[in-house]
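Engineer: So that you have it, the file is upload.cif, and it contains mmCIF, N, CA and C atoms:
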```
data_upload
loop_
_atom_site.label_atom_id
_atom_site.label_comp_id
_atom_site.auth_asym_id
_atom_site.auth_seq_id
_atom_site.Cartn_x
_atom_site.Cartn_y
_atom_site.Cartn_z
N MET A 259 0.84 -1.19 0.00
CA MET A 259 0.00 0.00 0.00
C MET A 259 0.88 1.25 0.00
N PRO A 260 0.41 2.29 -0.64
CA PRO A 260 1.18 3.53 -0.61
C PRO A 260 1.25 4.08 0.81
N PRO A 261 2.27 4.84 1.13
CA PRO A 261 3.37 5.26 0.27
C PRO A 261 4.38 4.12 0.08
N PHE A 262 5.01 4.11 -1.11
CA PHE A 262 5.95 3.06 -1.45
C PHE A 262 7.37 3.44 -1.07
N ASP A 263 8.14 2.42 -0.69
CA ASP A 263 9.58 2.56 -0.58
C ASP A 263 10.18 1.64 -1.64
N ALA A 264 11.49 1.56 -1.74
CA ALA A 264 12.11 0.76 -2.79
C ALA A 264 11.68 -0.70 -2.73
N ASP A 265 11.60 -1.27 -1.53
CA ASP A 265 11.22 -2.67 -1.40
C ASP A 265 9.76 -2.91 -1.78
N THR A 266 8.86 -2.07 -1.27
CA THR A 266 7.44 -2.30 -1.57
C THR A 266 7.12 -1.99 -3.03
N ALA A 267 7.84 -1.04 -3.64
CA ALA A 267 7.64 -0.77 -5.06
C ALA A 267 8.09 -1.96 -5.90
N ARG A 268 9.24 -2.55 -5.56
CA ARG A 268 9.70 -3.75 -6.29
C ARG A 268 8.72 -4.91 -6.10
N GLN A 269 8.19 -5.07 -4.90
CA GLN A 269 7.21 -6.13 -4.66
C GLN A 269 5.95 -5.92 -5.52
N LYS A 270 5.51 -4.68 -5.64
CA LYS A 270 4.32 -4.37 -6.43
C LYS A 270 4.57 -4.70 -7.91
N VAL A 271 5.77 -4.35 -8.40
CA VAL A 271 6.13 -4.64 -9.79
C VAL A 271 6.16 -6.15 -10.02
N ARG A 272 6.77 -6.86 -9.10
CA ARG A 272 6.86 -8.32 -9.24
C ARG A 272 5.47 -8.97 -9.19
N ALA A 273 4.61 -8.48 -8.31
CA ALA A 273 3.25 -9.01 -8.22
C ALA A 273 2.50 -8.77 -9.53
N ALA A 274 2.68 -7.60 -10.12
CA ALA A 274 2.03 -7.30 -11.40
C ALA A 274 2.56 -8.23 -12.49
N GLN A 275 3.88 -8.40 -12.55
CA GLN A 275 4.47 -9.31 -13.55
C GLN A 275 3.90 -10.71 -13.39
N ASP A 276 3.88 -11.21 -12.18
CA ASP A 276 3.39 -12.56 -11.93
C ASP A 276 1.92 -12.70 -12.33
N ALA A 277 1.11 -11.71 -11.99
CA ALA A 277 -0.31 -11.78 -12.33
C ALA A 277 -0.52 -11.76 -13.84
N TRP A 278 0.14 -10.84 -14.54
CA TRP A 278 -0.03 -10.75 -15.99
C TRP A 278 0.45 -12.03 -16.68
N ASN A 279 1.49 -12.68 -16.15
CA ASN A 279 1.97 -13.91 -16.77
C ASN A 279 1.01 -15.08 -16.60
N THR A 280 0.01 -14.97 -15.73
CA THR A 280 -1.01 -16.02 -15.65
C THR A 280 -1.93 -15.97 -16.86
N ARG A 281 -2.01 -14.80 -17.50
CA ARG A 281 -2.92 -14.56 -18.62
C ARG A 281 -4.37 -14.82 -18.21
N ASP A 282 -4.68 -14.51 -16.97
CA ASP A 282 -6.04 -14.66 -16.44
C ASP A 282 -6.62 -13.26 -16.25
N PRO A 283 -7.50 -12.82 -17.16
CA PRO A 283 -8.02 -11.45 -17.08
C PRO A 283 -8.72 -11.13 -15.75
N LEU A 284 -9.44 -12.08 -15.19
CA LEU A 284 -10.14 -11.82 -13.93
C LEU A 284 -9.16 -11.64 -12.77
N LEU A 285 -8.12 -12.44 -12.75
CA LEU A 285 -7.10 -12.31 -11.71
C LEU A 285 -6.39 -10.96 -11.84
N VAL A 286 -5.98 -10.61 -13.04
CA VAL A 286 -5.28 -9.34 -13.25
C VAL A 286 -6.18 -8.17 -12.86
N ALA A 287 -7.43 -8.21 -13.24
CA ALA A 287 -8.35 -7.10 -12.99
C ALA A 287 -8.55 -6.83 -11.50
N ARG A 288 -8.32 -7.81 -10.66
CA ARG A 288 -8.49 -7.61 -9.21
C ARG A 288 -7.47 -6.63 -8.62
N ALA A 289 -6.40 -6.33 -9.35
CA ALA A 289 -5.39 -5.40 -8.85
C ALA A 289 -5.75 -3.94 -9.11
N TYR A 290 -6.88 -3.70 -9.77
CA TYR A 290 -7.26 -2.35 -10.19
C TYR A 290 -8.56 -1.94 -9.49
N THR A 291 -8.70 -0.63 -9.26
CA THR A 291 -9.95 -0.13 -8.69
C THR A 291 -11.09 -0.38 -9.68
N PRO A 292 -12.32 -0.49 -9.19
CA PRO A 292 -13.45 -0.74 -10.11
C PRO A 292 -13.61 0.32 -11.19
N ASP A 293 -13.13 1.54 -10.92
CA ASP A 293 -13.23 2.63 -11.90
C ASP A 293 -11.86 3.00 -12.48
N SER A 294 -10.92 2.07 -12.43
CA SER A 294 -9.57 2.32 -12.94
C SER A 294 -9.62 2.82 -14.38
N VAL A 295 -8.70 3.75 -14.69
CA VAL A 295 -8.60 4.32 -16.02
C VAL A 295 -7.27 3.90 -16.62
N TRP A 296 -7.32 3.39 -17.85
CA TRP A 296 -6.12 2.97 -18.55
C TRP A 296 -5.99 3.73 -19.87
N ARG A 297 -4.74 3.99 -20.23
CA ARG A 297 -4.41 4.28 -21.62
C ARG A 297 -3.42 3.20 -21.99
N ASN A 298 -3.77 2.38 -22.95
CA ASN A 298 -2.90 1.32 -23.42
C ASN A 298 -2.70 1.54 -24.92
N ARG A 299 -1.50 1.99 -25.28
CA ARG A 299 -1.22 2.41 -26.64
C ARG A 299 -2.20 3.51 -27.01
N SER A 300 -3.09 3.26 -27.97
CA SER A 300 -4.07 4.28 -28.37
C SER A 300 -5.47 3.97 -27.87
N GLU A 301 -5.59 2.97 -26.99
CA GLU A 301 -6.90 2.59 -26.45
C GLU A 301 -7.10 3.21 -25.08
N PHE A 302 -8.33 3.60 -24.81
CA PHE A 302 -8.70 4.16 -23.52
C PHE A 302 -9.73 3.25 -22.90
N ILE A 303 -9.44 2.78 -21.69
CA ILE A 303 -10.21 1.73 -21.02
C ILE A 303 -10.60 2.24 -19.65
N ARG A 304 -11.83 1.95 -19.25
CA ARG A 304 -12.29 2.42 -17.94
C ARG A 304 -13.10 1.30 -17.27
N GLY A 305 -12.69 0.96 -16.07
CA GLY A 305 -13.46 0.05 -15.24
C GLY A 305 -13.17 -1.43 -15.47
N THR A 306 -13.57 -2.21 -14.50
CA THR A 306 -13.27 -3.63 -14.48
C THR A 306 -13.76 -4.37 -15.72
N GLY A 307 -14.98 -4.10 -16.13
CA GLY A 307 -15.53 -4.79 -17.29
C GLY A 307 -14.71 -4.58 -18.54
N GLU A 308 -14.31 -3.34 -18.78
CA GLU A 308 -13.51 -3.04 -19.97
C GLU A 308 -12.10 -3.61 -19.84
N ILE A 309 -11.55 -3.62 -18.63
CA ILE A 309 -10.22 -4.22 -18.41
C ILE A 309 -10.27 -5.70 -18.75
N VAL A 310 -11.26 -6.40 -18.24
CA VAL A 310 -11.38 -7.85 -18.50
C VAL A 310 -11.56 -8.10 -20.00
N ALA A 311 -12.41 -7.33 -20.66
CA ALA A 311 -12.63 -7.51 -22.10
C ALA A 311 -11.34 -7.24 -22.89
N PHE A 312 -10.63 -6.18 -22.52
CA PHE A 312 -9.38 -5.85 -23.19
C PHE A 312 -8.37 -6.99 -23.04
N LEU A 313 -8.17 -7.45 -21.80
CA LEU A 313 -7.17 -8.51 -21.56
C LEU A 313 -7.57 -9.82 -22.22
N THR A 314 -8.85 -10.14 -22.21
CA THR A 314 -9.32 -11.37 -22.88
C THR A 314 -8.97 -11.33 -24.36
N ALA A 315 -9.26 -10.22 -25.03
CA ALA A 315 -8.95 -10.09 -26.46
C ALA A 315 -7.44 -10.10 -26.69
N LYS A 316 -6.70 -9.44 -25.81
CA LYS A 316 -5.24 -9.39 -25.94
C LYS A 316 -4.65 -10.79 -25.95
N TRP A 317 -5.02 -11.59 -24.95
CA TRP A 317 -4.41 -12.91 -24.83
C TRP A 317 -5.01 -13.94 -25.77
N GLU A 318 -6.09 -13.60 -26.46
CA GLU A 318 -6.58 -14.47 -27.53
C GLU A 318 -5.73 -14.31 -28.79
N ARG A 319 -5.08 -13.15 -28.96
CA ARG A 319 -4.27 -12.92 -30.16
C ARG A 319 -2.76 -12.98 -29.87
N GLU A 320 -2.34 -12.86 -28.62
CA GLU A 320 -0.92 -12.88 -28.26
C GLU A 320 -0.61 -14.23 -27.61
N HIS A 321 -0.17 -15.17 -28.44
CA HIS A 321 0.05 -16.55 -27.99
C HIS A 321 1.43 -16.70 -27.35
N ARG A 322 1.49 -17.57 -26.33
CA ARG A 322 2.72 -17.86 -25.58
C ARG A 322 3.34 -16.59 -25.00
N TYR A 323 2.49 -15.68 -24.59
CA TYR A 323 2.87 -14.41 -23.99
C TYR A 323 3.70 -14.64 -22.74
N VAL A 324 4.83 -13.96 -22.64
CA VAL A 324 5.64 -13.98 -21.43
C VAL A 324 6.21 -12.58 -21.22
N LEU A 325 6.08 -12.07 -20.00
CA LEU A 325 6.36 -10.69 -19.67
C LEU A 325 7.42 -10.58 -18.58
N ARG A 326 8.26 -9.55 -18.70
CA ARG A 326 9.19 -9.17 -17.65
C ARG A 326 9.06 -7.68 -17.42
N LYS A 327 8.94 -7.29 -16.15
CA LYS A 327 8.84 -5.88 -15.76
C LYS A 327 10.00 -5.56 -14.83
N SER A 328 10.42 -4.29 -14.84
CA SER A 328 11.40 -3.85 -13.85
C SER A 328 11.04 -2.45 -13.38
N LEU A 329 11.33 -2.20 -12.14
CA LEU A 329 11.06 -0.90 -11.52
C LEU A 329 11.94 0.16 -12.16
N TRP A 330 11.35 1.27 -12.53
CA TRP A 330 12.09 2.40 -13.09
C TRP A 330 12.22 3.51 -12.04
N ALA A 331 11.07 3.85 -11.41
CA ALA A 331 11.05 4.92 -10.41
C ALA A 331 9.80 4.75 -9.55
N PHE A 332 9.78 5.43 -8.40
CA PHE A 332 8.59 5.37 -7.55
C PHE A 332 8.50 6.63 -6.72
N GLY A 333 7.28 6.91 -6.27
CA GLY A 333 7.00 8.02 -5.37
C GLY A 333 5.96 7.56 -4.38
N ASP A 334 5.37 8.48 -3.67
CA ASP A 334 4.42 8.11 -2.62
C ASP A 334 3.36 7.12 -3.10
N ASP A 335 2.60 7.49 -4.13
CA ASP A 335 1.52 6.62 -4.61
C ASP A 335 1.66 6.30 -6.10
N ARG A 336 2.89 6.39 -6.60
CA ARG A 336 3.12 6.17 -8.04
C ARG A 336 4.35 5.29 -8.25
N ILE A 337 4.26 4.51 -9.32
CA ILE A 337 5.38 3.65 -9.72
C ILE A 337 5.49 3.74 -11.24
N ALA A 338 6.73 3.81 -11.73
CA ALA A 338 7.01 3.74 -13.16
C ALA A 338 7.80 2.46 -13.42
N VAL A 339 7.42 1.75 -14.48
CA VAL A 339 8.11 0.50 -14.83
C VAL A 339 8.47 0.53 -16.31
N ARG A 340 9.46 -0.29 -16.64
CA ARG A 340 9.74 -0.60 -18.04
C ARG A 340 9.51 -2.09 -18.18
N PHE A 341 9.19 -2.52 -19.39
CA PHE A 341 8.90 -3.93 -19.57
C PHE A 341 9.19 -4.37 -20.99
N GLN A 342 9.28 -5.69 -21.13
CA GLN A 342 9.35 -6.37 -22.42
C GLN A 342 8.48 -7.59 -22.31
N TYR A 343 7.80 -7.89 -23.39
CA TYR A 343 7.13 -9.19 -23.46
C TYR A 343 7.26 -9.73 -24.86
N GLU A 344 7.21 -11.05 -24.95
CA GLU A 344 7.31 -11.74 -26.24
C GLU A 344 6.08 -12.59 -26.43
N TRP A 345 5.70 -12.74 -27.68
CA TRP A 345 4.49 -13.48 -28.04
C TRP A 345 4.52 -13.75 -29.53
N HIS A 346 3.64 -14.65 -29.98
CA HIS A 346 3.51 -14.82 -31.43
C HIS A 346 2.05 -14.70 -31.81
N ASP A 347 1.85 -14.29 -33.07
CA ASP A 347 0.50 -14.09 -33.58
C ASP A 347 -0.04 -15.39 -34.18
N ASP A 348 -1.23 -15.33 -34.75
CA ASP A 348 -1.86 -16.52 -35.34
C ASP A 348 -1.06 -17.11 -36.49
N ASP A 349 -0.25 -16.28 -37.16
CA ASP A 349 0.57 -16.77 -38.28
C ASP A 349 1.90 -17.34 -37.82
N GLY A 350 2.17 -17.31 -36.51
CA GLY A 350 3.43 -17.83 -35.98
C GLY A 350 4.54 -16.80 -35.95
N GLN A 351 4.26 -15.56 -36.33
CA GLN A 351 5.27 -14.50 -36.28
C GLN A 351 5.50 -14.09 -34.83
N TRP A 352 6.77 -14.09 -34.41
CA TRP A 352 7.14 -13.69 -33.05
C TRP A 352 7.33 -12.18 -32.99
N TRP A 353 7.01 -11.62 -31.82
CA TRP A 353 7.13 -10.19 -31.56
C TRP A 353 7.73 -9.98 -30.18
N ARG A 354 8.50 -8.91 -30.05
CA ARG A 354 8.94 -8.43 -28.74
C ARG A 354 8.32 -7.05 -28.58
N SER A 355 7.59 -6.87 -27.52
CA SER A 355 6.94 -5.59 -27.25
C SER A 355 7.67 -4.91 -26.11
N TYR A 356 8.10 -3.68 -26.35
CA TYR A 356 8.81 -2.88 -25.36
C TYR A 356 7.88 -1.79 -24.86
N GLY A 357 7.97 -1.47 -23.57
CA GLY A 357 7.13 -0.39 -23.11
C GLY A 357 7.51 0.18 -21.77
N ASN A 358 6.79 1.23 -21.45
CA ASN A 358 6.89 1.92 -20.17
C ASN A 358 5.47 2.11 -19.65
N GLU A 359 5.32 2.00 -18.35
CA GLU A 359 4.02 2.24 -17.73
C GLU A 359 4.20 3.19 -16.56
N ASN A 360 3.21 4.03 -16.37
CA ASN A 360 3.11 4.87 -15.18
C ASN A 360 1.86 4.43 -14.44
N TRP A 361 2.03 4.13 -13.16
CA TRP A 361 0.92 3.64 -12.34
C TRP A 361 0.64 4.63 -11.22
N GLU A 362 -0.64 4.84 -10.95
CA GLU A 362 -1.06 5.65 -9.81
C GLU A 362 -2.01 4.79 -8.96
N PHE A 363 -1.79 4.79 -7.66
CA PHE A 363 -2.52 3.91 -6.76
C PHE A 363 -3.47 4.66 -5.85
N ALA A 364 -4.58 4.02 -5.56
CA ALA A 364 -5.52 4.50 -4.54
C ALA A 364 -4.94 4.17 -3.17
N PRO A 365 -5.44 4.80 -2.10
CA PRO A 365 -4.96 4.48 -0.75
C PRO A 365 -5.10 2.99 -0.40
N SER A 366 -6.03 2.29 -1.04
CA SER A 366 -6.25 0.86 -0.79
C SER A 366 -5.11 -0.01 -1.32
N GLY A 367 -4.25 0.56 -2.18
CA GLY A 367 -3.19 -0.22 -2.81
C GLY A 367 -3.58 -0.74 -4.19
N LEU A 368 -4.84 -0.56 -4.58
CA LEU A 368 -5.27 -0.94 -5.93
C LEU A 368 -4.87 0.16 -6.90
N MET A 369 -4.59 -0.24 -8.14
CA MET A 369 -4.17 0.72 -9.14
C MET A 369 -5.38 1.47 -9.70
N ALA A 370 -5.32 2.78 -9.63
CA ALA A 370 -6.42 3.62 -10.11
C ALA A 370 -6.18 4.11 -11.53
N ARG A 371 -4.92 4.17 -11.94
CA ARG A 371 -4.60 4.67 -13.28
C ARG A 371 -3.37 3.93 -13.81
N ARG A 372 -3.44 3.58 -15.10
CA ARG A 372 -2.33 2.91 -15.78
C ARG A 372 -2.17 3.55 -17.15
N GLU A 373 -0.99 4.12 -17.40
CA GLU A 373 -0.67 4.73 -18.68
C GLU A 373 0.45 3.90 -19.31
N ALA A 374 0.20 3.29 -20.47
CA ALA A 374 1.19 2.41 -21.09
C ALA A 374 1.52 2.87 -22.51
N SER A 375 2.80 2.98 -22.79
CA SER A 375 3.30 3.26 -24.13
C SER A 375 4.09 2.03 -24.56
N ILE A 376 3.74 1.48 -25.73
CA ILE A 376 4.29 0.19 -26.15
C ILE A 376 4.63 0.22 -27.63
N ASN A 377 5.77 -0.38 -27.98
CA ASN A 377 6.18 -0.56 -29.37
C ASN A 377 6.46 -2.03 -29.60
N ASP A 378 6.12 -2.52 -30.79
CA ASP A 378 6.33 -3.92 -31.15
C ASP A 378 7.45 -4.04 -32.18
N VAL A 379 8.31 -5.04 -31.98
CA VAL A 379 9.40 -5.31 -32.91
C VAL A 379 9.26 -6.76 -33.37
N ARG A 380 9.24 -6.95 -34.67
CA ARG A 380 9.18 -8.31 -35.25
C ARG A 380 10.51 -9.00 -34.97
N ILE A 381 10.45 -10.24 -34.46
CA ILE A 381 11.66 -11.02 -34.20
C ILE A 381 11.48 -12.43 -34.74
N ALA A 382 12.59 -13.10 -34.95
CA ALA A 382 12.55 -14.53 -35.27
C ALA A 382 12.46 -15.31 -33.97
N GLU A 383 11.90 -16.50 -34.02
CA GLU A 383 11.79 -17.30 -32.80
C GLU A 383 13.17 -17.51 -32.17
N SER A 384 14.20 -17.64 -32.98
CA SER A 384 15.56 -17.84 -32.47
C SER A 384 16.09 -16.61 -31.72
N GLU A 385 15.45 -15.46 -31.88
CA GLU A 385 15.88 -14.24 -31.19
C GLU A 385 15.19 -14.04 -29.85
N ARG A 386 14.32 -14.95 -29.48
CA ARG A 386 13.63 -14.82 -28.20
C ARG A 386 14.64 -14.81 -27.07
N ARG A 387 14.36 -13.98 -26.05
CA ARG A 387 15.27 -13.91 -24.92
C ARG A 387 14.55 -13.82 -23.59
N VAL A 388 13.25 -13.68 -23.59
CA VAL A 388 12.51 -13.64 -22.34
C VAL A 388 12.10 -15.08 -22.03
N ASP A 389 12.82 -15.68 -21.11
CA ASP A 389 12.62 -17.07 -20.74
C ASP A 389 11.37 -17.20 -19.88
N PRO A 390 10.39 -18.00 -20.31
CA PRO A 390 9.17 -18.13 -19.52
C PRO A 390 9.40 -18.76 -18.15
N LEU A 391 10.50 -19.44 -17.95
CA LEU A 391 10.76 -20.09 -16.67
C LEU A 391 11.61 -19.24 -15.74
N SER A 392 12.19 -18.17 -16.27
CA SER A 392 13.06 -17.32 -15.46
C SER A 392 12.25 -16.27 -14.73
N THR A 393 12.71 -15.91 -13.55
CA THR A 393 12.07 -14.82 -12.80
C THR A 393 12.97 -13.60 -12.74
N HIS A 394 14.06 -13.61 -13.51
CA HIS A 394 14.99 -12.50 -13.50
C HIS A 394 14.39 -11.27 -14.17
N GLU A 395 15.01 -10.13 -13.87
CA GLU A 395 14.57 -8.89 -14.49
C GLU A 395 14.82 -8.95 -15.99
N ILE A 396 14.20 -8.05 -16.73
CA ILE A 396 14.27 -8.08 -18.17
C ILE A 396 15.69 -7.79 -18.65
N PRO A 397 16.06 -8.43 -19.77
CA PRO A 397 17.36 -8.15 -20.34
C PRO A 397 17.38 -6.77 -20.99
N THR A 398 18.55 -6.20 -21.12
CA THR A 398 18.67 -4.90 -21.77
C THR A 398 19.43 -5.05 -23.07
N GLU A 399 19.25 -4.11 -23.95
CA GLU A 399 19.92 -4.15 -25.26
C GLU A 399 21.26 -3.46 -25.15
#
```
Could you express the structure from this file as structure tokens?

Structural biologist:
Amino acid sequence: MPPFDADTARQKVRAAQDAWNTRDPLLVARAYTPDSVWRNRSEFIRGTGEIVAFLTAKWEREHRYVLRKSLWAFGDDRIAVRFQYEWHDDDGQWWRSYGNENWEFAPSGLMARREASINDVRIAESERRVDPLSTHEIPTE
């Protein structure tokens, strides 16, 4: 719960990474306030229902999704992260998605706002580097 220190901010980032790697929209949505507001790329999402619908559609098209997040910065009720995730589409094309997120938390510890900027890079399967079995922080270029 806010206010965050370095340890609690890292724990929050790790909990988010672990939840998203389950690819369970209902589980992930429990970390957000019922009226949470998201900007994800060019999409604007509000509330639990829209979060669940968004994540359901995301993981229907992003196969073998695996995500790594790392803490970038934190403040009293805010955390910034950088992340990478890898996945393949229906045609078998692999992608690495790079991004940054800014999170704002309610006093309850649930996330009230999530702003995500993400870019996708086409990769060959042999270029994958995010190990689904590893819990280490994301690799850097």

Engineer: DSSP on the backbone: which residues in chain A end up as helix (DSSP H, G or I)? Give the answer as a PyMOL selection string.

Structural biologist: chain A and resi 264-280+283-287+305-319+383-385

Engineer: Keeping only N, CA and C atoms, write the selected residues to a file as a tab-separated table (two decimals), keeping the file's coordinate frame.

Structural biologist:
```
chain	number	residue	atom	x	y	z
A	264	ALA	N	11.49	1.56	-1.74
A	264	ALA	CA	12.11	0.76	-2.79
A	264	ALA	C	11.68	-0.70	-2.73
A	265	ASP	N	11.60	-1.27	-1.53
A	265	ASP	CA	11.22	-2.67	-1.40
A	265	ASP	C	9.76	-2.91	-1.78
A	266	THR	N	8.86	-2.07	-1.27
A	266	THR	CA	7.44	-2.30	-1.57
A	266	THR	C	7.12	-1.99	-3.03
A	267	ALA	N	7.84	-1.04	-3.64
A	267	ALA	CA	7.64	-0.77	-5.06
A	267	ALA	C	8.09	-1.96	-5.90
A	268	ARG	N	9.24	-2.55	-5.56
A	268	ARG	CA	9.70	-3.75	-6.29
A	268	ARG	C	8.72	-4.91	-6.10
A	269	GLN	N	8.19	-5.07	-4.90
A	269	GLN	CA	7.21	-6.13	-4.66
A	269	GLN	C	5.95	-5.92	-5.52
A	270	LYS	N	5.51	-4.68	-5.64
A	270	LYS	CA	4.32	-4.37	-6.43
A	270	LYS	C	4.57	-4.70	-7.91
A	271	VAL	N	5.77	-4.35	-8.40
A	271	VAL	CA	6.13	-4.64	-9.79
A	271	VAL	C	6.16	-6.15	-10.02
A	272	ARG	N	6.77	-6.86	-9.10
A	272	ARG	CA	6.86	-8.32	-9.24
A	272	ARG	C	5.47	-8.97	-9.19
A	273	ALA	N	4.61	-8.48	-8.31
A	273	ALA	CA	3.25	-9.01	-8.22
A	273	ALA	C	2.50	-8.77	-9.53
A	274	ALA	N	2.68	-7.60	-10.12
A	274	ALA	CA	2.03	-7.30	-11.40
A	274	ALA	C	2.56	-8.23	-12.49
A	275	GLN	N	3.88	-8.40	-12.55
A	275	GLN	CA	4.47	-9.31	-13.55
A	275	GLN	C	3.90	-10.71	-13.39
A	276	ASP	N	3.88	-11.21	-12.18
A	276	ASP	CA	3.39	-12.56	-11.93
A	276	ASP	C	1.92	-12.70	-12.33
A	277	ALA	N	1.11	-11.71	-11.99
A	277	ALA	CA	-0.31	-11.78	-12.33
A	277	ALA	C	-0.52	-11.76	-13.84
A	278	TRP	N	0.14	-10.84	-14.54
A	278	TRP	CA	-0.03	-10.75	-15.99
A	278	TRP	C	0.45	-12.03	-16.68
A	279	ASN	N	1.49	-12.68	-16.15
A	279	ASN	CA	1.97	-13.91	-16.77
A	279	ASN	C	1.01	-15.08	-16.60
A	280	THR	N	0.01	-14.97	-15.73
A	280	THR	CA	-1.01	-16.02	-15.65
A	280	THR	C	-1.93	-15.97	-16.86
A	283	PRO	N	-7.50	-12.82	-17.16
A	283	PRO	CA	-8.02	-11.45	-17.08
A	283	PRO	C	-8.72	-11.13	-15.75
A	284	LEU	N	-9.44	-12.08	-15.19
A	284	LEU	CA	-10.14	-11.82	-13.93
A	284	LEU	C	-9.16	-11.64	-12.77
A	285	LEU	N	-8.12	-12.44	-12.75
A	285	LEU	CA	-7.10	-12.31	-11.71
A	285	LEU	C	-6.39	-10.96	-11.84
A	286	VAL	N	-5.98	-10.61	-13.04
A	286	VAL	CA	-5.28	-9.34	-13.25
A	286	VAL	C	-6.18	-8.17	-12.86
A	287	ALA	N	-7.43	-8.21	-13.24
A	287	ALA	CA	-8.35	-7.10	-12.99
A	287	ALA	C	-8.55	-6.83	-11.50
A	305	GLY	N	-12.69	0.96	-16.07
A	305	GLY	CA	-13.46	0.05	-15.24
A	305	GLY	C	-13.17	-1.43	-15.47
A	306	THR	N	-13.57	-2.21	-14.50
A	306	THR	CA	-13.27	-3.63	-14.48
A	306	THR	C	-13.76	-4.37	-15.72
A	307	GLY	N	-14.98	-4.10	-16.13
A	307	GLY	CA	-15.53	-4.79	-17.29
A	307	GLY	C	-14.71	-4.58	-18.54
A	308	GLU	N	-14.31	-3.34	-18.78
A	308	GLU	CA	-13.51	-3.04	-19.97
A	308	GLU	C	-12.10	-3.61	-19.84
A	309	ILE	N	-11.55	-3.62	-18.63
A	309	ILE	CA	-10.22	-4.22	-18.41
A	309	ILE	C	-10.27	-5.70	-18.75
A	310	VAL	N	-11.26	-6.40	-18.24
A	310	VAL	CA	-11.38	-7.85	-18.50
A	310	VAL	C	-11.56	-8.10	-20.00
A	311	ALA	N	-12.41	-7.33	-20.66
A	311	ALA	CA	-12.63	-7.51	-22.10
A	311	ALA	C	-11.34	-7.24	-22.89
A	312	PHE	N	-10.63	-6.18	-22.52
A	312	PHE	CA	-9.38	-5.85	-23.19
A	312	PHE	C	-8.37	-6.99	-23.04
A	313	LEU	N	-8.17	-7.45	-21.80
A	313	LEU	CA	-7.17	-8.51	-21.56
A	313	LEU	C	-7.57	-9.82	-22.22
A	314	THR	N	-8.85	-10.14	-22.21
A	314	THR	CA	-9.32	-11.37	-22.88
A	314	THR	C	-8.97	-11.33	-24.36
A	315	ALA	N	-9.26	-10.22	-25.03
A	315	ALA	CA	-8.95	-10.09	-26.46
A	315	ALA	C	-7.44	-10.10	-26.69
A	316	LYS	N	-6.70	-9.44	-25.81
A	316	LYS	CA	-5.24	-9.39	-25.94
A	316	LYS	C	-4.65	-10.79	-25.95
A	317	TRP	N	-5.02	-11.59	-24.95
A	317	TRP	CA	-4.41	-12.91	-24.83
A	317	TRP	C	-5.01	-13.94	-25.77
A	318	GLU	N	-6.09	-13.60	-26.46
A	318	GLU	CA	-6.58	-14.47	-27.53
A	318	GLU	C	-5.73	-14.31	-28.79
A	319	ARG	N	-5.08	-13.15	-28.96
A	319	ARG	CA	-4.27	-12.92	-30.16
A	319	ARG	C	-2.76	-12.98	-29.87
A	383	GLU	N	11.90	-16.50	-34.02
A	383	GLU	CA	11.79	-17.30	-32.80
A	383	GLU	C	13.17	-17.51	-32.17
A	384	SER	N	14.20	-17.64	-32.98
A	384	SER	CA	15.56	-17.84	-32.47
A	384	SER	C	16.09	-16.61	-31.72
A	385	GLU	N	15.45	-15.46	-31.88
A	385	GLU	CA	15.88	-14.24	-31.19
A	385	GLU	C	15.19	-14.04	-29.85
```

Engineer: Determine which residues of stretch 267-379 of chain A receive a DSSP assignment of strand (DSSP E or B), computed from the backbone, and state them as a ChimeraX atom specification.

Structural biologist: /A:290-298,301-304,321-332,336-346,352-363,369-379

Engineer: Can you pull out the residues contacting A:Phe341? Cut-off 6 Å, using only N, CA and C atoms, and skip same-chain residues under 4 positions away; I want them as an MDAnalysis selection string.

Structural biologist: chainID A and resid 326:328 355:358

Engineer: Hey, what comes out of the PyMOL selection byres ((chain A and resi 284-294) around 6) on this file? Could you write it as a ChimeraX atom specification?

Structural biologist: /A:277-278,282-283,295-296,303-306,310,368-371

Engineer: Considering only N, CA and C atoms, state which residue in the set A:Ala311, A:Ala374, A:Ala273, A:Glu362 is at the smallest distance from A:Asp335.

Structural biologist: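 Checking each of A:Ala311, A:Ala374, A:Ala273, A:Glu362 against A:Asp335, counting only N, CA and C atoms, the winner is A:Glu362.
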
Engineer: Considering only N, CA and C atoms, return as a ChimeraX atom specification whatever protein or nucleic-acid residues lie within 8 Å of A:Ile381, sequence-local ones (same chain, fewer than 3 positions apart) excluded.

Structural biologist: /A:351-354,378,384-386

Engineer: Have a look at atom CA of A:Asn360 and atom CA of A:Arg380 and let me know their distance in Å, one decimal.

Structural biologist: 24.8 Å

Engineer: Name the residues captured by the PyMOL selection byres (((chain A and resi 324 and name CA) around 10) and name CA) when it is applied to the shown file; answer as a ChimeraX atom specification.

Structural biologist: /A:275-276,278-281,320-323,325-326,342-345,354,388-391

Engineer: Which residues, written as a PyMOL selection string, have at least one atom at most 7 Å from A:Trp330, with only C-alpha atoms counted and residues fewer than 6 positions away on the same chain left out?

Structural biologist: chain A and resi 338-340
